[in-house]
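Asker: Take a look at work.cif, mmCIF, C-alpha atoms:
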data_work
#
loop_
_atom_site.label_atom_id
_atom_site.label_comp_id
_atom_site.auth_asym_id
_atom_site.auth_seq_id
_atom_site.Cartn_x
_atom_site.Cartn_y
_atom_site.Cartn_z
CA MET A 1 -166.17 -151.17 41.34
CA ASP A 2 -165.77 -154.94 41.10
CA LEU A 3 -168.16 -156.69 43.50
CA ASP A 4 -165.44 -159.02 44.85
CA VAL A 5 -163.21 -156.06 45.70
CA LEU A 6 -166.11 -154.25 47.33
CA ILE A 7 -166.89 -157.29 49.47
CA GLU A 8 -163.23 -157.68 50.47
CA LYS A 9 -163.13 -154.04 51.56
CA PHE A 10 -166.36 -154.54 53.48
CA GLN A 11 -164.83 -157.57 55.22
CA ALA A 12 -161.86 -155.38 56.13
CA LYS A 13 -164.38 -153.11 57.90
CA ASP A 14 -164.48 -150.38 55.27
CA GLU A 15 -167.50 -148.20 56.10
CA LYS A 16 -167.84 -146.84 52.56
CA ALA A 17 -167.95 -150.37 51.13
CA PHE A 18 -170.64 -151.25 53.65
CA GLU A 19 -172.75 -148.28 52.59
CA LYS A 20 -172.40 -149.23 48.92
CA LEU A 21 -173.50 -152.78 49.60
CA TYR A 22 -176.39 -151.43 51.64
CA ALA A 23 -177.46 -149.29 48.69
CA MET A 24 -177.27 -152.33 46.40
CA TYR A 25 -179.27 -154.75 48.52
CA SER A 26 -181.32 -152.86 51.13
CA ASP A 27 -184.48 -152.48 49.02
CA SER A 28 -184.36 -156.13 48.11
CA MET A 29 -183.89 -157.18 51.74
CA HIS A 30 -186.57 -154.84 52.94
CA GLY A 31 -188.91 -156.33 50.34
CA VAL A 32 -188.19 -159.87 51.49
CA ILE A 33 -188.47 -158.97 55.18
CA PHE A 34 -191.67 -157.00 54.69
CA ASN A 35 -193.17 -159.84 52.69
CA ILE A 36 -192.65 -162.06 55.73
CA VAL A 37 -193.54 -159.74 58.63
CA ARG A 38 -196.11 -157.52 56.83
CA ASP A 39 -195.57 -154.60 59.19
CA HIS A 40 -193.54 -151.53 58.34
CA GLY A 41 -192.33 -150.84 61.87
CA ILE A 42 -191.26 -154.41 62.49
CA ALA A 43 -189.69 -154.66 59.02
CA GLU A 44 -187.52 -151.63 59.80
CA GLU A 45 -186.54 -153.08 63.13
CA VAL A 46 -185.54 -156.40 61.52
CA MET A 47 -183.69 -154.59 58.70
CA GLN A 48 -181.65 -152.66 61.22
CA ASP A 49 -180.75 -155.82 63.14
CA VAL A 50 -179.87 -157.63 59.91
CA PHE A 51 -177.41 -155.02 58.68
CA ILE A 52 -175.79 -154.65 62.10
CA LYS A 53 -175.37 -158.42 62.17
CA ILE A 54 -173.92 -158.41 58.64
CA TRP A 55 -171.30 -155.86 59.71
CA HIS A 56 -170.28 -157.86 62.78
CA LYS A 57 -170.32 -161.23 61.02
CA ALA A 58 -168.57 -160.04 57.85
CA ASP A 59 -165.74 -162.52 58.49
CA SER A 60 -168.07 -165.51 58.32
CA TYR A 61 -168.88 -164.88 54.65
CA SER A 62 -166.76 -166.61 52.04
CA LYS A 63 -167.45 -166.51 48.30
CA GLU A 64 -166.79 -170.26 48.00
CA LYS A 65 -170.01 -170.87 49.94
CA GLY A 66 -172.23 -168.81 47.67
CA ARG A 67 -173.16 -165.36 46.39
CA PHE A 68 -172.88 -162.41 48.77
CA PHE A 69 -176.45 -161.51 47.86
CA THR A 70 -177.57 -165.01 48.84
CA TRP A 71 -175.72 -164.73 52.16
CA VAL A 72 -177.49 -161.47 53.01
CA LEU A 73 -180.78 -162.89 51.74
CA ASN A 74 -180.46 -165.88 54.08
CA ILE A 75 -179.70 -163.69 57.10
CA SER A 76 -182.68 -161.45 56.28
CA ARG A 77 -185.14 -164.29 55.77
CA ASN A 78 -184.01 -166.07 58.94
CA ALA A 79 -184.24 -162.87 61.00
CA ALA A 80 -187.73 -162.14 59.67
CA ILE A 81 -188.92 -165.73 60.25
CA ASP A 82 -187.44 -165.69 63.78
CA LYS A 83 -189.38 -162.48 64.36
CA ILE A 84 -192.79 -163.82 63.36
CA ARG A 85 -192.19 -166.93 65.44
CA SER A 86 -191.43 -164.86 68.55
CA LYS A 87 -194.07 -164.72 71.25
CA ALA A 88 -194.36 -160.94 71.19
CA PHE A 89 -195.06 -161.00 67.47
CA LYS A 90 -197.65 -163.75 67.74
CA ASN A 91 -199.48 -161.83 70.46
CA SER A 92 -199.70 -158.65 68.40
CA LYS A 93 -200.51 -160.27 65.04
CA GLN A 94 -203.08 -162.97 65.27
CA ASN A 95 -203.58 -163.51 61.58
CA LEU A 96 -201.05 -162.93 58.86
CA SER A 97 -202.46 -162.09 55.50
CA SER A 98 -202.00 -164.98 53.11
CA ASP A 99 -201.12 -162.65 50.24
CA TYR A 100 -198.22 -163.45 47.97
CA PHE A 101 -195.43 -161.05 47.18
CA VAL A 102 -197.39 -160.50 43.99
CA ASP A 103 -200.18 -158.78 45.86
CA ILE A 104 -197.74 -156.46 47.54
CA ILE A 105 -196.18 -155.53 44.23
CA GLU A 106 -199.50 -154.90 42.62
CA ALA A 107 -200.57 -152.72 45.53
CA ASN A 108 -197.28 -150.88 45.61
CA ASP A 109 -197.88 -147.32 44.44
CA ASN A 110 -194.38 -146.37 45.33
CA LEU A 111 -193.15 -148.52 42.46
CA ASP A 112 -194.36 -146.03 39.92
CA ASN A 113 -191.41 -143.84 40.80
CA LYS A 114 -188.88 -146.60 40.12
CA THR A 115 -187.47 -147.20 36.68
CA ASP A 116 -187.95 -150.97 36.46
CA ALA A 117 -191.32 -150.82 38.14
CA ILE A 118 -193.33 -151.10 34.98
CA GLY A 119 -191.46 -154.20 33.94
CA VAL A 120 -191.97 -155.88 37.27
CA LYS A 121 -195.62 -154.94 37.43
CA ASN A 122 -196.05 -156.28 33.93
CA PHE A 123 -194.27 -159.42 34.93
CA VAL A 124 -196.36 -160.21 37.98
CA SER A 125 -199.61 -159.39 36.27
CA LYS A 126 -198.88 -162.08 33.70
CA LEU A 127 -197.36 -164.52 36.15
CA LYS A 128 -198.88 -167.98 36.26
CA GLN A 129 -199.90 -169.33 39.64
CA LYS A 130 -197.20 -172.02 39.49
CA CYS A 131 -194.55 -169.32 39.08
CA LYS A 132 -195.99 -167.28 41.91
CA ASP A 133 -195.86 -170.28 44.22
CA ILE A 134 -192.39 -171.35 43.30
CA ILE A 135 -190.85 -167.88 43.48
CA GLU A 136 -192.57 -167.18 46.77
CA LEU A 137 -191.16 -170.33 48.35
CA LEU A 138 -187.63 -170.28 46.89
CA TYR A 139 -186.79 -166.58 47.05
CA PHE A 140 -189.09 -165.02 49.65
CA LYS A 141 -189.43 -167.89 52.12
CA GLY A 142 -186.05 -169.59 51.75
CA TYR A 143 -187.23 -173.13 51.04
CA THR A 144 -184.59 -175.65 49.94
CA GLN A 145 -185.20 -177.45 46.63
CA SER A 146 -186.44 -180.58 48.39
CA GLU A 147 -188.70 -178.58 50.74
CA ALA A 148 -190.13 -176.76 47.71
CA SER A 149 -190.53 -180.06 45.87
CA GLU A 150 -192.51 -181.43 48.81
CA ALA A 151 -194.61 -178.31 49.37
CA LEU A 152 -195.54 -178.02 45.69
CA ASP A 153 -195.89 -181.76 45.24
CA MET A 154 -193.64 -181.94 42.20
CA PRO A 155 -190.27 -183.66 41.54
CA ILE A 156 -187.09 -181.66 42.20
CA GLY A 157 -186.24 -181.72 38.50
CA THR A 158 -189.58 -180.09 37.70
CA VAL A 159 -189.05 -177.48 40.43
CA LYS A 160 -185.73 -176.59 38.86
CA THR A 161 -186.87 -176.29 35.27
CA ARG A 162 -190.12 -174.53 36.12
CA ASN A 163 -188.33 -172.06 38.33
CA ARG A 164 -185.82 -171.48 35.55
CA ASN A 165 -188.58 -170.67 33.11
CA CYS A 166 -190.24 -168.27 35.56
CA ILE A 167 -186.97 -166.43 36.21
CA GLN A 168 -186.24 -166.35 32.46
CA GLU A 169 -189.51 -164.50 31.93
CA LEU A 170 -188.64 -162.09 34.72
CA ARG A 171 -185.24 -161.44 33.16
CA ASN A 172 -186.79 -160.72 29.79
CA MET A 173 -189.08 -158.16 31.35
CA VAL A 174 -186.78 -156.32 33.71
CA LEU A 175 -183.31 -156.60 32.20
CA ASN A 176 -183.97 -155.83 28.55
CA MET B 1 -169.38 -181.00 30.24
CA ASP B 2 -172.23 -179.35 28.35
CA ILE B 3 -172.34 -175.83 29.75
CA ASN B 4 -175.60 -174.93 28.08
CA ALA B 5 -177.34 -178.02 29.45
CA TYR B 6 -175.96 -177.20 32.88
CA ILE B 7 -177.28 -173.66 32.70
CA ALA B 8 -180.66 -174.87 31.39
CA SER B 9 -181.01 -177.33 34.28
CA GLY B 10 -182.11 -174.47 36.56
CA VAL B 11 -179.44 -175.18 39.19
CA LEU B 12 -178.10 -171.61 38.99
CA GLU B 13 -181.50 -170.12 39.87
CA LEU B 14 -181.52 -172.30 42.98
CA TYR B 15 -177.92 -171.28 43.71
CA VAL B 16 -178.93 -167.62 43.84
CA ALA B 17 -182.00 -168.48 45.93
CA GLY B 18 -179.77 -170.26 48.48
CA ALA B 19 -181.76 -173.45 47.99
CA LEU B 20 -178.76 -175.74 47.37
CA SER B 21 -176.74 -177.73 49.85
CA GLU B 22 -173.29 -176.59 50.92
CA LYS B 23 -171.68 -179.23 48.70
CA GLU B 24 -173.72 -178.19 45.66
CA ASN B 25 -172.82 -174.54 46.31
CA ALA B 26 -169.11 -175.47 46.27
CA GLU B 27 -169.58 -177.31 42.96
CA VAL B 28 -171.31 -174.32 41.35
CA TYR B 29 -168.57 -172.01 42.64
CA ALA B 30 -165.88 -174.25 41.13
CA LEU B 31 -167.65 -174.20 37.74
CA ILE B 32 -168.06 -170.40 37.90
CA GLN B 33 -164.30 -170.13 38.30
CA LYS B 34 -163.79 -172.21 35.14
CA HIS B 35 -166.60 -170.96 32.91
CA PRO B 36 -167.23 -167.21 32.58
CA GLU B 37 -170.54 -167.86 30.81
CA ILE B 38 -171.86 -169.51 33.98
CA LEU B 39 -170.81 -166.46 36.00
CA GLN B 40 -172.60 -164.22 33.51
CA GLU B 41 -175.77 -166.29 33.85
CA VAL B 42 -175.56 -166.12 37.68
CA LEU B 43 -175.12 -162.33 37.57
CA GLU B 44 -178.20 -161.91 35.39
CA ILE B 45 -180.33 -164.18 37.57
CA GLU B 46 -179.18 -162.32 40.64
CA ALA B 47 -179.91 -158.91 39.10
CA ALA B 48 -183.43 -160.01 38.16
CA VAL B 49 -184.10 -161.41 41.63
CA VAL B 50 -182.79 -158.26 43.30
CA LYS B 51 -185.19 -156.21 41.19
CA LEU B 52 -188.12 -158.47 41.88
CA THR B 53 -187.60 -158.55 45.63
CA SER B 54 -186.96 -154.81 45.71
CA SER B 55 -190.38 -154.29 44.21
CA THR B 56 -192.04 -155.59 47.35
CA SER B 57 -190.37 -152.84 49.34
CA GLN B 58 -192.75 -149.94 49.58
CA ARG B 59 -190.45 -147.53 51.33
CA ASN B 60 -187.30 -145.59 50.89
CA ASN B 61 -184.87 -147.29 53.26
CA LEU B 62 -182.10 -144.69 53.58
CA HIS B 63 -183.15 -143.63 57.09
CA ILE B 64 -182.58 -147.22 58.25
CA LEU B 65 -178.96 -146.94 57.07
CA GLU B 66 -178.56 -143.84 59.24
CA ASN B 67 -179.79 -145.82 62.24
CA VAL B 68 -177.47 -148.73 61.45
CA LYS B 69 -174.46 -146.39 61.10
CA LYS B 70 -175.31 -144.76 64.42
CA GLU B 71 -175.61 -148.18 66.06
CA LEU B 72 -172.27 -149.32 64.61
CA GLY B 73 -170.57 -146.08 65.65
CA PHE B 74 -169.47 -145.05 62.15
CA ASP B 75 -167.90 -141.60 62.40
CA GLY B 76 -168.12 -140.83 58.70
CA ASN B 77 -164.48 -140.01 58.06
CA ASP B 78 -163.62 -143.61 57.43
CA THR B 79 -160.63 -143.88 59.72
CA LYS B 80 -161.72 -147.31 60.89
CA VAL B 81 -160.38 -149.48 63.66
CA VAL B 82 -157.38 -150.52 61.63
CA SER B 83 -155.83 -147.06 61.73
CA LEU B 84 -155.32 -147.21 65.50
CA VAL B 85 -151.67 -146.26 66.01
CA LYS B 86 -149.87 -148.95 67.89
CA PRO B 87 -147.26 -147.87 70.44
CA LYS B 88 -143.85 -148.06 68.82
CA TYR B 89 -142.45 -150.43 71.43
CA ASN B 90 -144.81 -152.90 72.96
CA TRP B 91 -144.20 -155.27 75.85
CA ILE B 92 -143.01 -158.00 73.47
CA THR B 93 -140.13 -155.76 72.36
CA TYR B 94 -139.13 -155.00 75.94
CA THR B 95 -139.38 -158.61 77.02
CA GLY B 96 -137.39 -159.65 73.96
CA TRP B 97 -134.57 -157.23 74.75
CA ALA B 98 -134.56 -158.19 78.42
CA ALA B 99 -134.35 -161.85 77.47
CA SER B 100 -131.47 -161.14 75.05
CA ILE B 101 -129.48 -159.30 77.72
CA VAL B 102 -130.03 -162.04 80.28
CA LEU B 103 -128.97 -164.58 77.67
CA ALA B 104 -125.82 -162.59 76.77
CA PHE B 105 -124.78 -162.38 80.44
CA GLY B 106 -125.52 -166.06 80.83
CA LEU B 107 -123.28 -166.89 77.87
CA LEU B 108 -120.43 -164.72 79.18
CA TRP B 109 -120.68 -166.38 82.58
CA THR B 110 -120.60 -169.83 80.96
CA VAL B 111 -117.54 -168.96 78.84
CA ASN B 112 -115.80 -167.65 81.95
CA GLN B 113 -116.66 -170.80 83.89
CA ASN B 114 -115.34 -172.89 81.04
CA LYS B 115 -111.99 -171.04 81.01
CA GLN B 116 -111.70 -171.41 84.78
CA LEU B 117 -112.38 -175.12 84.54
CA GLN B 118 -109.77 -175.55 81.80
CA THR B 119 -107.19 -173.79 83.99
CA ASP B 120 -108.15 -176.03 86.88
CA ILE B 121 -107.68 -179.08 84.69
CA GLN B 122 -104.20 -177.89 83.64
CA VAL B 123 -103.21 -177.30 87.26
CA ALA B 124 -104.49 -180.74 88.17
CA GLU B 125 -102.60 -182.32 85.27
CA THR B 126 -99.36 -180.60 86.33
CA GLN B 127 -99.88 -181.78 89.91
CA GLN B 128 -100.55 -185.26 88.64
CA SER B 129 -97.34 -185.40 86.60
CA LEU B 130 -95.43 -184.03 89.62
CA LEU B 131 -96.88 -186.74 91.78
CA GLU B 132 -96.09 -189.34 89.13
CA THR B 133 -92.47 -188.14 89.11
CA GLN B 134 -92.38 -188.35 92.89
CA ILE B 135 -93.82 -191.85 92.78
CA GLU B 136 -91.24 -192.81 90.18
CA ASN B 137 -88.45 -191.35 92.35
CA SER B 138 -89.81 -193.16 95.37
CA LYS B 139 -89.90 -196.42 93.42
CA ASN B 140 -86.29 -195.92 92.39
CA SER B 141 -85.28 -195.16 95.99
CA LEU B 142 -87.15 -198.23 97.13
CA ALA B 143 -85.40 -200.37 94.53
CA GLU B 144 -82.04 -198.98 95.61
CA ALA B 145 -82.89 -199.57 99.25
CA ASN B 146 -83.96 -203.14 98.50
CA THR B 147 -80.70 -203.77 96.64
CA LEU B 148 -78.85 -202.36 99.60
CA ILE B 149 -80.65 -204.66 102.03
CA THR B 150 -79.84 -207.62 99.83
CA VAL B 151 -76.21 -206.55 99.80
CA LEU B 152 -76.09 -206.10 103.58
CA ARG B 153 -77.55 -209.51 104.17
CA ASP B 154 -75.25 -211.26 101.72
CA ASP B 155 -72.46 -213.24 103.40
CA ASN B 156 -70.29 -213.00 100.31
CA ILE B 157 -70.02 -209.29 100.62
CA ALA B 158 -67.01 -207.86 102.41
CA ARG B 159 -67.48 -204.85 104.68
CA ILE B 160 -64.62 -202.43 104.77
CA PRO B 161 -64.85 -199.42 107.10
CA LEU B 162 -62.81 -196.42 105.88
CA ALA B 163 -61.43 -194.33 108.75
CA GLY B 164 -60.76 -190.58 108.71
CA GLN B 165 -57.14 -189.63 107.97
CA GLY B 166 -55.01 -186.72 109.24
CA ASN B 167 -56.92 -183.46 109.09
CA PHE B 168 -60.04 -185.37 108.20
CA ALA B 169 -60.04 -187.72 111.20
CA ASN B 170 -63.66 -186.90 111.93
CA THR B 171 -64.83 -188.22 108.54
CA TYR B 172 -65.62 -191.83 107.71
CA ALA B 173 -67.10 -194.05 105.03
CA LYS B 174 -67.90 -197.70 104.39
CA VAL B 175 -67.38 -199.92 101.37
CA TYR B 176 -69.46 -203.03 100.75
CA TRP B 177 -67.64 -205.12 98.19
CA ASP B 178 -69.59 -207.65 96.16
CA LYS B 179 -66.78 -209.62 94.62
CA ASN B 180 -69.06 -211.87 92.58
CA GLU B 181 -70.79 -208.99 90.88
CA LYS B 182 -67.51 -206.99 90.74
CA ARG B 183 -68.99 -203.89 92.31
CA ILE B 184 -68.79 -201.92 95.50
CA PHE B 185 -71.38 -199.90 97.34
CA LEU B 186 -69.82 -196.86 98.94
CA ASP B 187 -71.62 -195.41 101.91
CA ALA B 188 -70.27 -191.85 102.03
CA GLN B 189 -72.66 -190.54 104.68
CA GLY B 190 -69.70 -189.56 106.87
CA LEU B 191 -68.13 -187.19 104.32
CA PRO B 192 -68.90 -183.47 104.12
CA ASP B 193 -70.16 -181.92 100.87
CA PRO B 194 -67.18 -181.23 98.61
CA PRO B 195 -66.31 -177.52 98.06
CA GLU B 196 -67.13 -176.03 94.68
CA GLY B 197 -64.81 -177.15 91.85
CA LYS B 198 -63.82 -180.27 93.77
CA VAL B 199 -65.04 -183.86 93.68
CA TYR B 200 -64.40 -186.97 95.70
CA GLN B 201 -62.43 -189.63 93.87
CA VAL B 202 -62.51 -193.28 94.93
CA TRP B 203 -59.40 -195.40 94.74
CA SER B 204 -58.66 -199.11 94.81
CA LEU B 205 -55.24 -199.76 96.31
CA LYS B 206 -52.66 -202.49 96.18
CA LEU B 207 -50.43 -202.22 99.27
CA SER B 208 -47.07 -203.67 98.25
CA PRO B 209 -46.04 -201.84 96.34
CA LEU B 210 -48.64 -199.10 96.89
CA THR B 211 -50.54 -198.86 93.60
CA PRO B 212 -53.67 -196.75 93.39
CA THR B 213 -56.26 -197.42 90.69
CA SER B 214 -59.05 -194.84 90.18
CA LEU B 215 -62.59 -196.21 90.50
CA GLY B 216 -63.99 -192.86 89.37
CA THR B 217 -65.22 -189.60 90.77
CA ILE B 218 -68.50 -189.05 92.62
CA ASP B 219 -69.97 -186.20 90.57
CA ASN B 220 -73.47 -186.34 92.04
CA PHE B 221 -72.44 -186.36 95.71
CA ILE B 222 -74.49 -183.31 96.78
CA SER B 223 -77.65 -184.20 94.86
CA ASP B 224 -77.73 -187.82 96.05
CA ASN B 225 -79.99 -188.24 99.06
CA ASN B 226 -78.82 -191.44 100.73
CA LYS B 227 -75.14 -190.95 99.82
CA ILE B 228 -74.78 -194.56 98.75
CA PHE B 229 -73.03 -195.00 95.44
CA GLU B 230 -72.69 -198.16 93.36
CA ILE B 231 -69.31 -198.34 91.66
CA GLU B 232 -67.83 -201.02 89.43
CA ASN B 233 -64.68 -202.64 90.73
CA SER B 234 -62.97 -205.54 88.99
CA ASN B 235 -59.66 -205.03 90.83
CA GLU B 236 -58.09 -207.36 93.39
CA SER B 237 -58.31 -204.49 95.87
CA GLU B 238 -56.42 -204.62 99.16
CA ALA B 239 -57.58 -201.26 100.40
CA PHE B 240 -59.95 -198.41 99.42
CA GLY B 241 -59.34 -194.70 99.79
CA ILE B 242 -61.18 -191.48 99.04
CA THR B 243 -59.45 -188.22 98.15
CA LEU B 244 -60.72 -184.77 97.24
CA GLU B 245 -59.61 -183.86 93.73
CA PRO B 246 -60.25 -181.04 91.25
CA ALA B 247 -63.41 -181.54 89.16
CA GLY B 248 -62.80 -184.23 86.55
CA GLY B 249 -60.54 -186.21 88.84
CA SER B 250 -56.76 -186.84 88.85
CA GLU B 251 -54.38 -189.52 87.53
CA THR B 252 -52.98 -190.16 90.96
CA PRO B 253 -54.45 -189.44 94.39
CA THR B 254 -53.54 -186.15 96.07
CA MET B 255 -52.34 -187.46 99.39
CA GLU B 256 -52.81 -184.16 101.29
CA PHE B 257 -56.51 -184.55 100.65
CA LEU B 258 -56.84 -188.21 101.56
CA TYR B 259 -60.04 -188.18 103.60
CA THR B 260 -60.60 -191.79 104.46
CA LEU B 261 -58.80 -195.07 104.03
CA GLY B 262 -59.57 -198.67 104.93
CA VAL B 263 -57.82 -201.96 104.40
CA VAL B 264 -59.62 -205.09 103.25
CA ALA B 265 -59.44 -207.78 105.90
CA SER B 266 -57.60 -210.75 104.48
#
Would you put the structure from the file into structure tokens?
Answerer:
Amino acid sequence: MDLDVLIEKFQAKDEKAFEKLYAMYSDSMHGVIFNIVRDHGIAEEVMQDVFIKIWHKADSYSKEKGRFFTWVLNISRNAAIDKIRSKAFKNSKQNLSSDYFVDIIEANDNLDNKTDAIGVKNFVSKLKQKCKDIIELLYFKGYTQSEASEALDMPIGTVKTRNRNCIQELRNMVLN
Amino acid sequence: MDINAYIASGVLELYVAGALSEKENAEVYALIQKHPEILQEVLEIEAAVVKLTSSTSQRNNLHILENVKKELGFDGNDTKVVSLVKPKYNWITYTGWAASIVLAFGLLWTVNQNKQLQTDIQVAETQQSLLETQIENSKNSLAEANTLITVLRDDNIARIPLAGQGNFANTYAKVYWDKNEKRIFLDAQGLPDPPEGKVYQVWSLKLSPLTPTSLGTIDNFISDNNKIFEIENSNESEAFGITLEPAGGSETPTMEFLYTLGVVAS
């Protein structure tokens, strides 16, 4: 089914459309959330909150403002970041591991059962440090281009082209 | 614009990441609408990112969906909130009908009032024209009365009392003769109403020899209120008489019905 139609149905409170969108994006969101909170129980909790919120706030999405995926990604990242900033979280987790998403992927045995897993594992194993940094900040942490430019100490133009090259490599590995 | 250069700039990767400003997002969306190759590029970037991020998920997440569905109260048969059957007639319908009925009665009442008012106006207009007629009549009477006063006060006017004759001894009349204006005013207050088919006829008389000249009949005797009649008289009258004649008058006076007679003082 066309994604636009699916999203319209979802916005009209169609439960089946919601379940389809969940199937499309839940692993991705769980990955992003887990990468931030680094705790399976808390990641599940945040996931649940995120998708309930998405259902209730369906009206606030409009395709003129961006991709539906990006909208869900933003909600997930913000919910996960809010969680690790909360007092309860800070009390239970004194030190967050400083691992990148890359480390999680490399340690992920579950991936062996997934079709694209080999491609992704291949990809991250060859990934240059600059790519790791930039992907981590832009996709997993939700940095804006200027925030990323500042954090990585490189001009915005360089952030854009470098990121493009990194994603191009990823595409070559997982989509072909 | 150079589409390939735009794609190569890396802006679309940031678009998918959500790293652009709201304004920049709107610009990208506008270009996607125009250029399908940009949409294709966005879809591929998105697919790659979805796969990458999914790889950091170490679990199967279907059980979370079950929890979410339970929380949201999904019943599984997809009837949704929208399918709630609305009552066929809601309060708006009832209020609407009530308002219409009130309005209809209001209109009827207004139309009725309007008719009533128009009738009232007609009645008033009729009354007004009646009053105007009365005023006109009164004015005429006043004018007549004023003329009469003038006549009575005028020294040049001769007063001739007409005395009842024979069977009609109890009747009387008076003639005021304005010789200058060649007219008389006959005060016939002392005469009874003439019987039907008969009229009074006024005569100017010469005495030697006795020559009557008709001054005319009084056709409006009964309808006249003050019984004073103005009659032209250019004769050298020596006496005046009044007889009762058949309607239309006679050539010569019918002496049996001579009511009153009076001689002009010389």
Asker: Which residue gives the smallest distance to Asp103 (chain A) among A:Arg171, A:Lys13, A:Lys121, A:Lys141, with only C-alpha atoms counted?
Answerer: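 Nearest candidate to Asp103 (chain A) out of A:Arg171, A:Lys13, A:Lys121, A:Lys141: A:Lys121.
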Asker: Considering only C-alpha atoms, return as a ChimeraX atom specification whatever protein or nucleic-acid residues lie within 12 Å of Thr161 (chain A), sequence-local ones (same chain, fewer than 6 positions apart) excluded.
Answerer: /A:130-131,134,145,149,154-155,167-168 /B:5-14
Asker: Measuring atom to atom with only C-alpha atoms, identify which of B:Val68, B:His35, B:Ser141, B:Met1 is nearest to His56 (chain A).
Answerer: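 With only C-alpha atoms as the atom set, the closest residue is B:Val68.
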Asker: Evaluate the PyMOL selection byres ((chain A) within 7 of (chain B)) against this structure - the residues, as a compact mmCIF listing (two decimals) with C-alpha atoms, in the coordinates of the input, please.
Answerer:
# COMPACT_ATOMS: atom_id res chain seq x y z
CA ASP A 14 -164.48 -150.38 55.27
CA GLU A 15 -167.50 -148.20 56.10
CA SER A 26 -181.32 -152.86 51.13
CA ASP A 27 -184.48 -152.48 49.02
CA SER A 28 -184.36 -156.13 48.11
CA HIS A 30 -186.57 -154.84 52.94
CA GLY A 31 -188.91 -156.33 50.34
CA VAL A 32 -188.19 -159.87 51.49
CA PHE A 34 -191.67 -157.00 54.69
CA ASN A 35 -193.17 -159.84 52.69
CA GLU A 44 -187.52 -151.63 59.80
CA GLN A 48 -181.65 -152.66 61.22
CA PHE A 51 -177.41 -155.02 58.68
CA ILE A 52 -175.79 -154.65 62.10
CA GLU A 64 -166.79 -170.26 48.00
CA LYS A 65 -170.01 -170.87 49.94
CA GLY A 66 -172.23 -168.81 47.67
CA ARG A 67 -173.16 -165.36 46.39
CA THR A 70 -177.57 -165.01 48.84
CA PHE A 101 -195.43 -161.05 47.18
CA ILE A 104 -197.74 -156.46 47.54
CA ILE A 105 -196.18 -155.53 44.23
CA ASN A 108 -197.28 -150.88 45.61
CA ASN A 110 -194.38 -146.37 45.33
CA LEU A 111 -193.15 -148.52 42.46
CA VAL A 120 -191.97 -155.88 37.27
CA LEU A 138 -187.63 -170.28 46.89
CA TYR A 139 -186.79 -166.58 47.05
CA GLY A 142 -186.05 -169.59 51.75
CA TYR A 143 -187.23 -173.13 51.04
CA THR A 144 -184.59 -175.65 49.94
CA GLN A 145 -185.20 -177.45 46.63
CA LYS A 160 -185.73 -176.59 38.86
CA THR A 161 -186.87 -176.29 35.27
CA ASN A 163 -188.33 -172.06 38.33
CA ARG A 164 -185.82 -171.48 35.55
CA LEU A 170 -188.64 -162.09 34.72
CA ARG A 171 -185.24 -161.44 33.16
CA VAL A 174 -186.78 -156.32 33.71
CA LEU A 175 -183.31 -156.60 32.20
Asker: Nearest to Phe69 (chain A): which of A:Met29, A:Ile84, A:Leu152, A:Ile36 is it, counting all atoms listed in the file?
Answerer: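 Among the listed residues, the smallest separation from Phe69 (chain A) belongs to A:Met29.
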Asker: Name the residues within 12 Å of (-174.6, -158.9, 56.7), counting only C-alpha atoms in the file's coordinates, and put them as number ranges by chain.
Answerer: A: 7, 10-11, 13, 18-19, 21-22, 25-26, 29, 47-62, 68-77, 79; B: 68
Asker: With C-alpha atoms kept, could you save the residues just selected as a short mmCIF file (atom, residue, chain, number, x, y, z; two decimals), in the coordinates of the input?
Answerer:
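Writing done, so here's out-v7.cif:
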data_model
loop_
_atom_site.label_atom_id
_atom_site.label_comp_id
_atom_site.auth_asym_id
_atom_site.auth_seq_id
_atom_site.Cartn_x
_atom_site.Cartn_y
_atom_site.Cartn_z
CA ILE A 7 -166.89 -157.29 49.47
CA PHE A 10 -166.36 -154.54 53.48
CA GLN A 11 -164.83 -157.57 55.22
CA LYS A 13 -164.38 -153.11 57.90
CA PHE A 18 -170.64 -151.25 53.65
CA GLU A 19 -172.75 -148.28 52.59
CA LEU A 21 -173.50 -152.78 49.60
CA TYR A 22 -176.39 -151.43 51.64
CA TYR A 25 -179.27 -154.75 48.52
CA SER A 26 -181.32 -152.86 51.13
CA MET A 29 -183.89 -157.18 51.74
CA MET A 47 -183.69 -154.59 58.70
CA GLN A 48 -181.65 -152.66 61.22
CA ASP A 49 -180.75 -155.82 63.14
CA VAL A 50 -179.87 -157.63 59.91
CA PHE A 51 -177.41 -155.02 58.68
CA ILE A 52 -175.79 -154.65 62.10
CA LYS A 53 -175.37 -158.42 62.17
CA ILE A 54 -173.92 -158.41 58.64
CA TRP A 55 -171.30 -155.86 59.71
CA HIS A 56 -170.28 -157.86 62.78
CA LYS A 57 -170.32 -161.23 61.02
CA ALA A 58 -168.57 -160.04 57.85
CA ASP A 59 -165.74 -162.52 58.49
CA SER A 60 -168.07 -165.51 58.32
CA TYR A 61 -168.88 -164.88 54.65
CA SER A 62 -166.76 -166.61 52.04
CA PHE A 68 -172.88 -162.41 48.77
CA PHE A 69 -176.45 -161.51 47.86
CA THR A 70 -177.57 -165.01 48.84
CA TRP A 71 -175.72 -164.73 52.16
CA VAL A 72 -177.49 -161.47 53.01
CA LEU A 73 -180.78 -162.89 51.74
CA ASN A 74 -180.46 -165.88 54.08
CA ILE A 75 -179.70 -163.69 57.10
CA SER A 76 -182.68 -161.45 56.28
CA ARG A 77 -185.14 -164.29 55.77
CA ALA A 79 -184.24 -162.87 61.00
CA VAL B 68 -177.47 -148.73 61.45
#
